[in-house]
>>> print(open('protein-v4.csv').read())   # CSV, C-alpha atoms and all ligand atoms
chain,number,residue,atom,x,y,z
A,3,MET,CA,0.0,0.0,0.0
A,4,ARG,CA,1.4,3.4,-1.0
A,5,LEU,CA,1.3,5.9,2.0
A,6,PRO,CA,0.1,9.5,1.3
A,7,GLU,CA,3.1,11.9,1.2
A,8,PHE,CA,2.5,13.6,4.6
A,9,LEU,CA,2.3,10.2,6.3
A,10,LEU,CA,5.4,9.1,4.6
A,11,ARG,CA,7.3,12.1,5.8
A,12,LEU,CA,6.0,11.6,9.4
A,13,ARG,CA,7.0,7.9,9.3
A,14,ASN,CA,10.5,8.6,8.0
A,15,ARG,CA,11.0,11.4,10.6
A,16,LEU,CA,9.9,9.0,13.4
A,17,LEU,CA,12.1,6.1,12.1
A,18,SER,CA,15.2,8.3,11.9
A,19,ASN,CA,14.7,9.6,15.5
A,20,PRO,CA,17.1,7.7,17.9
A,21,GLY,CA,14.6,8.2,20.8
A,22,PHE,CA,11.8,6.6,18.8
A,23,GLN,CA,14.1,3.8,17.7
A,24,ARG,CA,14.9,3.0,21.3
A,25,TRP,CA,11.3,3.1,22.3
A,26,ALA,CA,10.1,1.0,19.3
A,27,ALA,CA,12.7,-1.6,20.0
A,28,SER,CA,11.5,-2.2,23.6
A,29,PHE,CA,7.7,-1.5,23.3
A,30,PRO,CA,6.0,-5.0,23.1
A,31,LEU,CA,3.7,-4.1,20.2
A,32,THR,CA,6.4,-2.6,18.0
A,33,ARG,CA,9.4,-4.7,19.2
A,34,TRP,CA,9.0,-7.5,16.6
A,35,ARG,CA,8.9,-5.0,13.7
A,36,ALA,CA,11.9,-3.0,15.0
A,37,ARG,CA,13.9,-6.3,15.2
A,38,ARG,CA,12.8,-7.4,11.8
A,39,ARG,CA,13.8,-4.1,10.3
A,40,ALA,CA,17.2,-4.2,12.0
A,41,ARG,CA,17.7,-7.8,10.8
A,42,GLU,CA,16.7,-6.9,7.2
A,43,LEU,CA,19.1,-3.9,7.1
A,44,PHE,CA,21.9,-6.0,8.6
A,45,ASP,CA,21.4,-8.7,6.0
A,46,ILE,CA,21.9,-6.1,3.3
A,47,VAL,CA,24.9,-4.7,5.0
A,48,ALA,CA,26.5,-8.2,5.4
A,49,GLY,CA,25.2,-9.8,2.2
A,50,PHE,CA,28.6,-9.7,0.6
A,51,VAL,CA,30.1,-11.6,3.5
A,52,TYR,CA,27.4,-14.2,3.5
A,53,SER,CA,28.0,-14.8,-0.3
A,54,GLN,CA,31.7,-15.3,0.3
A,55,ILE,CA,31.0,-17.8,3.0
A,56,LEU,CA,28.9,-19.8,0.5
A,57,TYR,CA,31.6,-19.4,-2.0
A,58,ALA,CA,34.1,-20.9,0.5
A,59,CYS,CA,31.7,-23.8,1.1
A,60,VAL,CA,31.5,-24.5,-2.6
A,61,GLN,CA,35.3,-24.2,-3.1
A,62,VAL,CA,36.1,-26.7,-0.3
A,63,ARG,CA,33.2,-29.0,-1.5
A,64,LEU,CA,31.6,-28.9,1.9
A,65,PHE,CA,28.2,-30.0,0.8
A,66,GLU,CA,29.5,-33.0,-1.1
A,67,VAL,CA,31.6,-34.0,1.9
A,68,LEU,CA,28.7,-33.6,4.4
A,69,GLY,CA,26.4,-35.4,1.9
A,70,GLU,CA,28.1,-38.6,3.2
A,71,GLY,CA,26.7,-38.0,6.7
A,72,THR,CA,27.3,-36.3,10.0
A,73,GLN,CA,31.0,-35.8,10.8
A,74,SER,CA,33.2,-34.4,13.5
A,75,LEU,CA,35.5,-31.3,13.1
A,76,GLU,CA,38.4,-33.6,13.4
A,77,GLU,CA,37.2,-35.7,10.4
A,78,LEU,CA,36.1,-32.7,8.4
A,79,ALA,CA,39.2,-30.4,8.6
A,80,PRO,CA,41.6,-32.5,6.6
A,81,ARG,CA,38.9,-33.4,4.1
A,82,LEU,CA,38.2,-29.7,3.5
A,83,ASN,CA,41.9,-29.0,3.4
A,84,LEU,CA,41.6,-26.4,6.1
A,85,PRO,CA,43.3,-26.0,9.5
A,86,PRO,CA,40.9,-27.1,12.4
A,87,GLU,CA,40.3,-23.4,13.5
A,88,GLY,CA,39.5,-22.4,9.9
A,89,ALA,CA,37.2,-25.3,9.4
A,90,ARG,CA,35.4,-24.6,12.7
A,91,ARG,CA,34.9,-20.9,11.7
A,92,LEU,CA,33.5,-21.8,8.3
A,93,LEU,CA,31.2,-24.5,9.8
A,94,ARG,CA,29.9,-22.2,12.4
A,95,ALA,CA,29.3,-19.4,9.9
A,96,ALA,CA,27.6,-21.9,7.5
A,97,ALA,CA,25.4,-23.2,10.4
A,98,SER,CA,24.3,-19.6,11.2
A,99,LEU,CA,23.1,-19.4,7.6
A,100,ARG,CA,21.3,-22.8,7.7
A,101,LEU,CA,23.7,-24.3,5.2
A,102,VAL,CA,24.9,-26.7,7.9
A,103,ASP,CA,23.3,-28.1,11.1
A,104,THR,CA,25.3,-28.5,14.3
A,105,ARG,CA,24.8,-31.9,15.9
A,106,GLY,CA,26.4,-31.4,19.3
A,107,GLN,CA,29.9,-30.4,20.2
A,108,ASP,CA,31.9,-29.9,17.0
A,109,ARG,CA,29.8,-32.3,14.9
A,110,TYR,CA,28.1,-31.2,11.7
A,111,SER,CA,25.6,-32.3,9.1
A,112,LEU,CA,24.0,-30.8,6.1
A,113,GLY,CA,21.5,-28.0,6.9
A,114,GLU,CA,18.3,-27.4,5.0
A,115,LEU,CA,19.9,-24.9,2.6
A,116,GLY,CA,23.1,-27.0,2.2
A,117,THR,CA,20.9,-30.0,1.2
A,118,ALA,CA,19.3,-27.7,-1.5
A,119,MET,CA,22.8,-26.8,-2.7
A,120,LEU,CA,23.7,-30.5,-3.0
A,121,ALA,CA,20.5,-31.3,-4.8
A,122,ASN,CA,21.0,-28.4,-7.3
A,123,PRO,CA,24.7,-28.4,-8.5
A,124,ALA,CA,23.8,-25.6,-10.9
A,125,ILE,CA,23.6,-23.2,-7.9
A,126,ALA,CA,27.2,-24.0,-7.1
A,127,ALA,CA,28.2,-23.2,-10.7
A,128,MET,CA,26.4,-19.8,-10.4
A,129,VAL,CA,28.2,-19.1,-7.1
A,130,GLU,CA,31.6,-19.9,-8.7
A,131,HIS,CA,31.1,-17.6,-11.7
A,132,HIS,CA,30.1,-14.8,-9.3
A,133,ALA,CA,33.8,-14.2,-8.8
A,134,LEU,CA,33.5,-12.2,-12.0
A,135,ALA,CA,30.5,-10.2,-10.8
A,136,TYR,CA,32.3,-9.3,-7.6
A,137,ALA,CA,35.2,-7.9,-9.6
A,138,ASP,CA,32.9,-5.8,-11.7
A,139,LEU,CA,30.8,-4.6,-8.7
A,140,ARG,CA,33.8,-3.4,-6.7
A,141,ASP,CA,33.1,0.2,-7.6
A,142,PRO,CA,29.3,0.2,-8.2
A,143,VAL,CA,29.1,4.0,-8.6
A,144,ALA,CA,31.7,3.9,-11.4
A,145,LEU,CA,29.7,1.1,-13.0
A,146,LEU,CA,26.5,3.2,-12.8
A,147,ARG,CA,28.3,6.2,-14.3
A,148,GLY,CA,29.5,4.0,-17.2
A,149,GLU,CA,33.1,4.6,-16.2
A,150,LEU,CA,34.4,1.0,-16.2
A,151,ASP,CA,36.2,0.3,-19.4
A,152,GLU,CA,36.7,-3.4,-18.8
A,153,ARG,CA,34.3,-5.8,-17.2
A,154,ALA,CA,34.9,-9.4,-16.4
A,155,LEU,CA,31.3,-10.4,-17.1
A,156,GLN,CA,31.3,-8.8,-20.5
A,157,GLY,CA,34.2,-11.1,-21.5
A,158,TYR,CA,32.3,-14.1,-20.1
A,159,TRP,CA,29.2,-13.5,-22.1
A,160,ALA,CA,31.2,-13.3,-25.3
A,161,TYR,CA,28.3,-12.2,-27.6
A,162,VAL,CA,27.7,-9.0,-25.6
A,163,GLY,CA,28.9,-5.9,-27.5
A,164,HIS,CA,30.3,-8.1,-30.3
A,165,GLU,CA,30.0,-6.5,-33.7
A,166,GLU,CA,29.5,-9.9,-35.4
A,167,PRO,CA,28.3,-12.4,-32.8
A,168,THR,CA,28.2,-15.2,-35.3
A,169,ARG,CA,32.0,-15.1,-35.4
A,170,VAL,CA,32.3,-15.6,-31.6
A,171,ASP,CA,35.0,-18.2,-31.0
A,172,PRO,CA,33.8,-21.7,-29.9
A,173,ARG,CA,36.1,-21.5,-26.9
A,174,ALA,CA,34.5,-18.2,-25.8
A,175,VAL,CA,31.0,-19.7,-25.7
A,176,SER,CA,31.8,-22.8,-23.7
A,177,GLY,CA,31.7,-21.3,-20.2
A,178,TYR,CA,28.4,-19.5,-20.4
A,179,SER,CA,26.8,-22.3,-22.5
A,180,ARG,CA,27.7,-24.9,-19.9
A,181,LEU,CA,26.4,-22.7,-17.1
A,182,MET,CA,23.1,-22.1,-18.9
A,183,ALA,CA,22.7,-25.8,-19.7
A,184,ASP,CA,23.4,-26.8,-16.1
A,185,SER,CA,20.9,-24.4,-14.7
A,186,GLN,CA,18.1,-25.4,-17.1
A,187,CYS,CA,17.1,-28.1,-14.5
A,188,LEU,CA,16.1,-25.2,-12.2
A,189,ILE,CA,13.5,-23.9,-14.6
A,190,ALA,CA,12.6,-26.2,-17.5
A,191,ASP,CA,10.0,-28.3,-15.7
A,192,ASP,CA,8.5,-25.2,-14.1
A,193,ILE,CA,7.9,-23.8,-17.5
A,194,LEU,CA,6.7,-27.0,-19.0
A,195,ASP,CA,4.4,-27.8,-16.1
A,196,ALA,CA,2.8,-24.3,-16.4
A,197,TYR,CA,2.4,-24.6,-20.2
A,198,PRO,CA,2.1,-28.2,-21.4
A,199,LEU,CA,2.9,-28.7,-25.1
A,200,GLU,CA,0.7,-31.5,-26.3
A,201,ARG,CA,-1.4,-29.4,-28.7
A,202,HIS,CA,1.7,-28.1,-30.5
A,203,ARG,CA,3.5,-29.7,-33.5
A,204,CYS,CA,6.8,-27.9,-33.8
A,205,LEU,CA,8.8,-25.8,-31.3
A,206,LEU,CA,11.6,-23.4,-32.3
A,207,ASP,CA,13.8,-22.4,-29.3
A,208,LEU,CA,15.3,-19.1,-30.2
A,209,ALA,CA,18.7,-18.4,-28.6
A,210,GLY,CA,18.2,-21.9,-27.1
A,211,GLY,CA,21.8,-22.3,-25.9
A,212,GLU,CA,23.3,-25.8,-26.1
A,213,GLY,CA,19.8,-27.5,-26.2
A,214,ALA,CA,19.2,-28.5,-22.5
A,215,PHE,CA,15.7,-27.0,-22.6
A,216,LEU,CA,14.8,-28.8,-25.8
A,217,SER,CA,16.2,-32.1,-24.5
A,218,ARG,CA,13.8,-31.9,-21.6
A,219,VAL,CA,10.9,-31.1,-24.0
A,220,ALA,CA,11.9,-34.1,-26.1
A,221,GLN,CA,11.7,-36.4,-23.1
A,222,ARG,CA,8.2,-35.1,-22.1
A,223,TRP,CA,6.6,-34.7,-25.6
A,224,PRO,CA,7.9,-37.4,-28.0
A,225,HIS,CA,5.5,-36.2,-30.8
A,226,LEU,CA,7.1,-32.7,-31.1
A,227,ARG,CA,9.5,-31.6,-33.8
A,228,LEU,CA,12.2,-29.4,-32.3
A,229,ILE,CA,14.4,-26.7,-33.8
A,230,LEU,CA,17.1,-24.7,-32.0
A,231,PHE,CA,18.6,-21.5,-33.2
A,232,ASP,CA,21.6,-19.9,-31.6
A,233,LEU,CA,25.0,-18.5,-32.6
A,234,PRO,CA,26.9,-21.0,-34.8
A,235,ALA,CA,29.4,-22.0,-32.1
A,236,VAL,CA,26.6,-22.7,-29.6
A,237,ALA,CA,24.4,-24.4,-32.1
A,238,GLU,CA,27.2,-26.9,-32.8
A,239,ARG,CA,27.2,-27.8,-29.1
A,240,ALA,CA,23.4,-28.3,-29.3
A,241,GLN,CA,23.7,-30.5,-32.3
A,242,ALA,CA,26.3,-32.6,-30.5
A,243,ARG,CA,24.0,-32.9,-27.5
A,244,PHE,CA,21.0,-34.0,-29.7
A,245,ALA,CA,23.2,-36.7,-31.3
A,246,HIS,CA,24.5,-37.9,-27.9
A,247,GLU,CA,20.9,-38.2,-26.7
A,248,GLY,CA,19.7,-40.0,-29.8
A,249,ILE,CA,17.1,-37.3,-30.8
A,250,SER,CA,18.8,-35.9,-33.9
A,251,ALA,CA,16.0,-37.3,-36.1
A,252,ARG,CA,13.5,-34.9,-34.6
A,253,ALA,CA,15.8,-32.2,-33.1
A,254,GLN,CA,17.9,-29.9,-35.3
A,255,ALA,CA,20.2,-27.0,-34.4
A,256,ILE,CA,20.7,-24.1,-36.7
A,257,GLY,CA,23.5,-21.5,-36.3
A,258,GLY,CA,23.1,-17.8,-37.1
A,259,ASP,CA,22.2,-14.4,-35.7
A,260,VAL,CA,18.5,-14.1,-34.7
A,261,ARG,CA,18.5,-10.4,-35.8
A,262,ARG,CA,20.0,-10.9,-39.2
A,263,ASP,CA,19.6,-14.5,-40.5
A,264,PRO,CA,16.5,-16.1,-41.9
A,265,LEU,CA,14.6,-18.3,-39.4
A,266,PRO,CA,12.6,-21.4,-40.4
A,267,ARG,CA,8.9,-20.6,-40.6
A,268,VAL,CA,7.4,-23.9,-39.6
A,269,ALA,CA,7.0,-23.7,-35.8
A,270,ASP,CA,3.6,-23.2,-34.2
A,271,LEU,CA,5.4,-22.5,-30.9
A,272,VAL,CA,8.5,-20.3,-30.4
A,273,SER,CA,10.3,-19.9,-27.1
A,274,LEU,CA,12.6,-17.2,-25.7
A,275,VAL,CA,14.0,-18.6,-22.5
A,276,ARG,CA,16.2,-16.2,-20.4
A,277,VAL,CA,16.9,-14.2,-23.6
A,278,LEU,CA,15.0,-10.9,-23.6
A,279,HIS,CA,16.5,-9.6,-20.4
A,280,ASP,CA,20.0,-10.0,-21.9
A,281,HIS,CA,19.3,-7.2,-24.4
A,282,ASP,CA,18.7,-3.5,-24.5
A,283,ASP,CA,15.2,-2.4,-25.6
A,284,GLN,CA,15.9,-2.1,-29.4
A,285,THR,CA,17.6,-5.6,-29.6
A,286,ALA,CA,14.9,-7.1,-27.4
A,287,VAL,CA,12.3,-5.7,-29.9
A,288,ASP,CA,14.3,-7.2,-32.8
A,289,PHE,CA,14.3,-10.7,-31.1
A,290,ALA,CA,10.5,-10.4,-30.5
A,291,ARG,CA,10.0,-9.4,-34.1
A,292,ALA,CA,12.0,-12.4,-35.3
A,293,ALA,CA,10.0,-14.7,-33.1
A,294,TYR,CA,6.7,-13.2,-34.5
A,295,GLU,CA,7.8,-13.5,-38.1
A,296,SER,CA,9.0,-17.1,-37.7
A,297,LEU,CA,5.6,-18.3,-36.2
A,298,THR,CA,2.9,-19.9,-38.4
A,299,PRO,CA,-0.4,-18.0,-38.2
A,300,GLY,CA,-2.2,-18.6,-34.8
A,301,GLY,CA,1.1,-19.8,-33.3
A,302,CYS,CA,2.3,-18.8,-29.8
A,303,LEU,CA,5.4,-17.3,-28.3
A,304,LEU,CA,6.6,-18.4,-24.8
A,305,VAL,CA,8.7,-15.8,-22.9
A,306,ALA,CA,10.3,-17.3,-19.8
A,307,GLU,CA,12.7,-15.4,-17.5
A,308,PRO,CA,12.9,-13.9,-14.1
A,309,MET,CA,11.1,-10.6,-14.2
A,310,SER,CA,11.1,-7.3,-12.4
A,311,GLY,CA,8.6,-6.7,-9.6
A,312,THR,CA,7.9,-10.3,-8.9
A,313,PRO,CA,5.8,-10.3,-5.7
A,314,GLY,CA,7.8,-11.8,-2.8
A,315,ALA,CA,11.0,-11.8,-4.9
A,316,GLU,CA,11.5,-8.1,-5.7
A,317,PRO,CA,15.3,-8.0,-5.2
A,318,VAL,CA,15.9,-10.8,-7.7
A,319,GLY,CA,14.7,-8.7,-10.6
A,320,ASP,CA,15.7,-5.1,-9.9
A,321,ALA,CA,18.6,-5.6,-7.5
A,322,TYR,CA,20.3,-8.9,-8.7
A,323,PHE,CA,19.6,-8.8,-12.4
A,324,GLY,CA,19.5,-5.0,-12.5
A,325,PHE,CA,23.2,-4.9,-11.4
A,326,TYR,CA,24.3,-8.2,-13.0
A,327,LEU,CA,23.1,-7.1,-16.4
A,328,LEU,CA,24.6,-3.6,-16.0
A,329,ALA,CA,28.0,-5.2,-15.3
A,330,MET,CA,27.5,-7.6,-18.2
A,331,GLY,CA,27.0,-4.5,-20.4
A,332,SER,CA,23.6,-5.3,-21.9
A,333,GLY,CA,20.0,-5.7,-21.0
A,334,ARG,CA,17.7,-5.0,-18.1
A,335,PRO,CA,15.1,-6.8,-16.1
A,336,ARG,CA,11.5,-6.0,-17.2
A,337,THR,CA,8.2,-6.3,-15.6
A,338,PRO,CA,5.6,-8.6,-17.2
A,339,GLY,CA,3.8,-5.4,-18.3
A,340,GLU,CA,6.9,-4.0,-20.0
A,341,ILE,CA,7.5,-7.3,-21.8
A,342,ALA,CA,3.9,-7.5,-22.9
A,343,ALA,CA,4.1,-4.0,-24.3
A,344,LEU,CA,7.3,-4.9,-26.2
A,345,LEU,CA,5.5,-8.0,-27.7
A,346,LYS,CA,2.5,-6.0,-28.7
A,347,GLN,CA,4.7,-3.5,-30.4
A,348,VAL,CA,5.8,-6.2,-32.9
A,349,GLY,CA,2.3,-7.4,-33.6
A,350,PHE,CA,1.4,-10.0,-30.9
A,351,LYS,CA,-2.2,-9.5,-30.0
A,352,ARG,CA,-3.1,-11.4,-26.8
A,353,VAL,CA,-0.4,-11.7,-24.1
A,354,ARG,CA,-1.2,-13.8,-21.1
A,355,ARG,CA,0.7,-14.4,-17.9
A,356,ILE,CA,0.7,-18.0,-16.7
A,357,PRO,CA,1.6,-18.7,-13.1
A,358,THR,CA,4.7,-20.8,-12.5
A,359,ARG,CA,5.6,-22.8,-9.5
A,360,ARG,CA,8.6,-20.7,-8.5
A,361,PRO,CA,8.3,-17.2,-9.9
A,362,ILE,CA,11.6,-16.3,-8.3
A,363,LEU,CA,13.3,-18.5,-10.9
A,364,THR,CA,11.1,-17.8,-13.9
A,365,GLN,CA,7.8,-16.2,-14.8
A,366,LEU,CA,6.0,-17.0,-18.0
A,367,LEU,CA,4.2,-15.0,-20.7
A,368,VAL,CA,2.3,-16.5,-23.6
A,369,ALA,CA,1.7,-14.3,-26.6
A,370,GLN,CA,-0.4,-15.2,-29.7
A,371,ARG,CA,0.1,-14.4,-33.3
A,372,ASP,CA,-3.1,-13.7,-35.2
B,1,LIG,C1,21.3,-16.3,-21.4
B,1,LIG,S1,21.6,-17.4,-22.7
B,1,LIG,C2,20.1,-18.4,-22.6
B,1,LIG,C3,20.3,-19.7,-23.3
B,1,LIG,C4,19.0,-20.6,-23.2
B,1,LIG,N1,17.9,-20.0,-23.8
B,1,LIG,C5,18.8,-21.0,-21.7
B,1,LIG,O1,17.9,-20.5,-21.1
B,1,LIG,O2,19.6,-21.9,-21.3
B,1,LIG,C6,21.4,-16.4,-24.1
B,1,LIG,C7,21.7,-17.2,-25.4
B,1,LIG,O3,21.5,-16.2,-26.5
B,1,LIG,C8,22.4,-16.5,-27.5
B,1,LIG,N2,22.5,-15.3,-28.4
B,1,LIG,C9,22.9,-14.1,-28.1
B,1,LIG,N3,22.9,-13.3,-29.1
B,1,LIG,C10,22.4,-14.0,-30.1
B,1,LIG,C11,22.1,-13.7,-31.5
B,1,LIG,N4,22.2,-12.5,-32.0
B,1,LIG,N5,21.6,-14.7,-32.3
B,1,LIG,C12,21.4,-15.9,-31.8
B,1,LIG,N6,21.6,-16.3,-30.5
B,1,LIG,C13,22.1,-15.3,-29.7
B,1,LIG,C14,23.6,-16.9,-26.8
B,1,LIG,O4,24.6,-17.6,-27.5
B,1,LIG,C15,23.1,-17.7,-25.6
B,1,LIG,O5,23.1,-19.0,-25.9
>>> encode(input="protein-v4.csv", output="structure tokens", more="lines below")
Ligand SMILES: C[S@@+](CC[C@H](N)C(=O)[O-])C[C@H]1O[C@@H](n2cnc3c(N)ncnc32)[C@H](O)[C@@H]1O
Amino acid sequence: MRLPEFLLRLRNRLLSNPGFQRWAASFPLTRWRARRRARELFDIVAGFVYSQILYACVQVRLFEVLGEGTQSLEELAPRLNLPPEGARRLLRAAASLRLVDTRGQDRYSLGELGTAMLANPAIAAMVEHHALAYADLRDPVALLRGELDERALQGYWAYVGHEEPTRVDPRAVSGYSRLMADSQCLIADDILDAYPLERHRCLLDLAGGEGAFLSRVAQRWPHLRLILFDLPAVAERAQARFAHEGISARAQAIGGDVRRDPLPRVADLVSLVRVLHDHDDQTAVDFARAAYESLTPGGCLLVAEPMSGTPGAEPVGDAYFGFYLLAMGSGRPRTPGEIAALLKQVGFKRVRRIPTRRPILTQLLVAQRD
């Protein structure tokens, strides 16, 4: 609820008054709120340290080691290749973050969040590649002012800012392609459960990476013909995956630039999965137009990505992706309304939002071509 301006001023004056802060923190009816606010602010202040603790856990493979069962500090320290005091400090920090559980004096097991890390190795891969983001975010104001000439993330996402992305070297696409493929398991089923594909005949996955999304589609809907389009070096990786999985007869990968090269016009369903937010507005419009033109009449476009303003997950869009994409040098998170407007601009008529299981990971829009 948006407060009227005078109430907002009054609230902010009260909250910044040390006497009021002391009173609110001890008065029984306001105490819980004062504590929650203090905790929220502290979590923002300390977020960088928490992330580095998680990074250390990933580097020493703590979750894999604890996946074998509860262990003592004595057993753990050599396995983590840490001195006992260093291991104890890490384990206690990880326990405070619910990554680890303490089981009595200096005994540890996987915590609830540590178990989730073990079950989703893609998160560890994300954590590891964040070393690049930390380097780029070291001076966030310089980043905001556009004063950073070199950015580590820009090098990682080799197509960003490239004059001719179709010429990107195969070695330069391997890191991000693997990361994208590994993290598909976090979202593919959420998308496909929200929008089942039995009524479609042919799916074209635009900028589909090395084919992990289509592989999952192939398992779930054996009747579908599948086409992937991505930069040549990435499409080659997809073709190799399709061959390895024995689905080459119905899954084909084509290399090219979505904005310049002709796309096949046989699909009654096109998908853009984690693609539009990578691009500035004009390029995003070009991608949406290419999707529109490649669809057969009456066909549908699926747009799946984390979006700005997701209720309950607001920082994921505007804080995390807002700054990540800024460091990467291209794109921005958009609200479902902004994406719908962009799709209508290129001719899509009806744009529907379909609820997904975990909107924090991906939201879903379906747009129809007349
Ligand atoms: C963030 S990744 C998403 C990959 C995949 N859709 C997924 O969710 O795993 C963006 C993809 O867009 C591809 N891409 C970028 N610019 C492109 C262009 N101009 N034409 C074709 N593909 C492009 C990249 O190679 C990359 O595979």
>>> closest_atom_pairs(input="protein-v4.csv", of="chain A", to="ligand LIG 1 (chain B)", cutoff="8 Å", atoms="only C-alpha atoms and all ligand atoms", output="CSV")
residue,atom,partner,partner_atom,distance
A:Tyr161,CA,B:LIG1,N3,5.7
A:Val162,CA,B:LIG1,N3,7.3
A:Pro167,CA,B:LIG1,N4,6.2
A:Thr168,CA,B:LIG1,N5,7.3
A:Val175,CA,B:LIG1,O4,7.0
A:Tyr178,CA,B:LIG1,S1,7.5
A:Ser179,CA,B:LIG1,O5,6.0
A:Met182,CA,B:LIG1,O2,4.2
A:Ala183,CA,B:LIG1,O2,5.2
A:Ser185,CA,B:LIG1,O2,7.2
A:Gln186,CA,B:LIG1,O2,5.7
A:Asp207,CA,B:LIG1,N1,7.3
A:Leu208,CA,B:LIG1,N6,6.9
A:Ala209,CA,B:LIG1,N6,4.1
A:Gly210,CA,B:LIG1,N1,3.8
A:Gly211,CA,B:LIG1,O5,3.5
A:Glu212,CA,B:LIG1,O5,6.8
A:Gly213,CA,B:LIG1,O2,7.4
A:Ala214,CA,B:LIG1,O2,6.7
A:Phe215,CA,B:LIG1,O2,6.6
A:Phe231,CA,B:LIG1,C12,6.4
A:Asp232,CA,B:LIG1,N6,3.8
A:Leu233,CA,B:LIG1,C12,4.5
A:Ala235,CA,B:LIG1,O4,8.0
A:Val236,CA,B:LIG1,O4,5.9
A:Gly257,CA,B:LIG1,C12,7.5
A:Gly258,CA,B:LIG1,C12,5.9
A:Asp259,CA,B:LIG1,N5,3.5
A:Val260,CA,B:LIG1,N5,4.0
A:Arg261,CA,B:LIG1,N4,5.7
A:Arg262,CA,B:LIG1,N4,7.7
A:Leu274,CA,B:LIG1,N1,6.3
A:Val275,CA,B:LIG1,N1,4.3
A:Arg276,CA,B:LIG1,O1,4.7
A:Val277,CA,B:LIG1,C6,5.0
A:Asp280,CA,B:LIG1,C1,6.5
>>> residues_around(input="protein-v4.csv", residues="Asn83 (chain A)", least_positions_apart="2", cutoff="12 Å", atoms="only C-alpha atoms", output="MDAnalysis selection string")
chainID A and resid 58:59 61:64 67 75:81 85:89
>>> write_last_selection(input="protein-v4.csv", atoms="C-alpha atoms", output="short mmCIF file (atom, residue, chain, number, x, y, z; two decimals), in the coordinates of the input")
data_model
loop_
_atom_site.label_atom_id
_atom_site.label_comp_id
_atom_site.auth_asym_id
_atom_site.auth_seq_id
_atom_site.Cartn_x
_atom_site.Cartn_y
_atom_site.Cartn_z
CA ALA A 58 34.10 -20.90 0.50
CA CYS A 59 31.70 -23.80 1.10
CA GLN A 61 35.30 -24.20 -3.10
CA VAL A 62 36.10 -26.70 -0.30
CA ARG A 63 33.20 -29.00 -1.50
CA LEU A 64 31.60 -28.90 1.90
CA VAL A 67 31.60 -34.00 1.90
CA LEU A 75 35.50 -31.30 13.10
CA GLU A 76 38.40 -33.60 13.40
CA GLU A 77 37.20 -35.70 10.40
CA LEU A 78 36.10 -32.70 8.40
CA ALA A 79 39.20 -30.40 8.60
CA PRO A 80 41.60 -32.50 6.60
CA ARG A 81 38.90 -33.40 4.10
CA PRO A 85 43.30 -26.00 9.50
CA PRO A 86 40.90 -27.10 12.40
CA GLU A 87 40.30 -23.40 13.50
CA GLY A 88 39.50 -22.40 9.90
CA ALA A 89 37.20 -25.30 9.40
#
>>> residues_around(input="protein-v4.csv", residues="region 7-18 of chain A", least_positions_apart="5", cutoff="12 Å", atoms="only C-alpha atoms", output="ChimeraX atom specification")
/A:23-27,32,35-36,39-40
>>> closest_residue(input="protein-v4.csv", among="A:Gln370, A:Leu328, A:Val272, A:Gly339", to="Gly300 (chain A)", atoms="only C-alpha atoms")
A:Gln370
>>> closest_residue(input="protein-v4.csv", among="A:Ala96, A:Ala135, A:Leu194, A:Cys302", to="Leu206 (chain A)", atoms="all atoms listed in the file")
A:Cys302
>>> atom_distance(input="protein-v4.csv", atom1="CA of Glu200 (chain A)", atom2="CA of Ile229 (chain A)")
16.3 Å
>>> residues_around(input="protein-v4.csv", residues="Thr358 (chain A)", least_positions_apart="4", cutoff="10 Å", atoms="all atoms listed in the file", output="mmCIF file with C-alpha atoms, in the frame of the given file")
data_model
loop_
_atom_site.group_PDB
_atom_site.id
_atom_site.type_symbol
_atom_site.label_atom_id
_atom_site.label_comp_id
_atom_site.auth_asym_id
_atom_site.auth_seq_id
_atom_site.Cartn_x
_atom_site.Cartn_y
_atom_site.Cartn_z
ATOM 1 C CA ILE A 189 13.500 -23.900 -14.600
ATOM 2 C CA ASP A 191 10.000 -28.300 -15.700
ATOM 3 C CA ASP A 192 8.500 -25.200 -14.100
ATOM 4 C CA ILE A 193 7.900 -23.800 -17.500
ATOM 5 C CA LEU A 194 6.700 -27.000 -19.000
ATOM 6 C CA ASP A 195 4.400 -27.800 -16.100
ATOM 7 C CA ALA A 196 2.800 -24.300 -16.400
ATOM 8 C CA TYR A 197 2.400 -24.600 -20.200
ATOM 9 C CA ALA A 306 10.300 -17.300 -19.800
ATOM 10 C CA ILE A 362 11.600 -16.300 -8.300
ATOM 11 C CA LEU A 363 13.300 -18.500 -10.900
ATOM 12 C CA THR A 364 11.100 -17.800 -13.900
ATOM 13 C CA GLN A 365 7.800 -16.200 -14.800
ATOM 14 C CA LEU A 366 6.000 -17.000 -18.000
#
>>> closest_atom_pairs(input="protein-v4.csv", of="region 244-307 of chain A", to="region 342-348 of chain A", cutoff="9 Å", atoms="only C-alpha atoms", output="JSON lines")
{"residue": "A:Asp283", "atom": "CA", "partner": "A:Leu344", "partner_atom": "CA", "distance": 8.3}
{"residue": "A:Ala286", "atom": "CA", "partner": "A:Leu344", "partner_atom": "CA", "distance": 8.0}
{"residue": "A:Val287", "atom": "CA", "partner": "A:Leu344", "partner_atom": "CA", "distance": 6.3}
{"residue": "A:Asp288", "atom": "CA", "partner": "A:Val348", "partner_atom": "CA", "distance": 8.6}
{"residue": "A:Ala290", "atom": "CA", "partner": "A:Leu345", "partner_atom": "CA", "distance": 6.2}
{"residue": "A:Arg291", "atom": "CA", "partner": "A:Val348", "partner_atom": "CA", "distance": 5.4}
{"residue": "A:Tyr294", "atom": "CA", "partner": "A:Val348", "partner_atom": "CA", "distance": 7.2}
>>> closest_residue(input="protein-v4.csv", among="A:Glu316, A:Glu340, A:Glu165, A:Asp151", to="Pro361 (chain A)", atoms="only C-alpha atoms")
A:Glu316
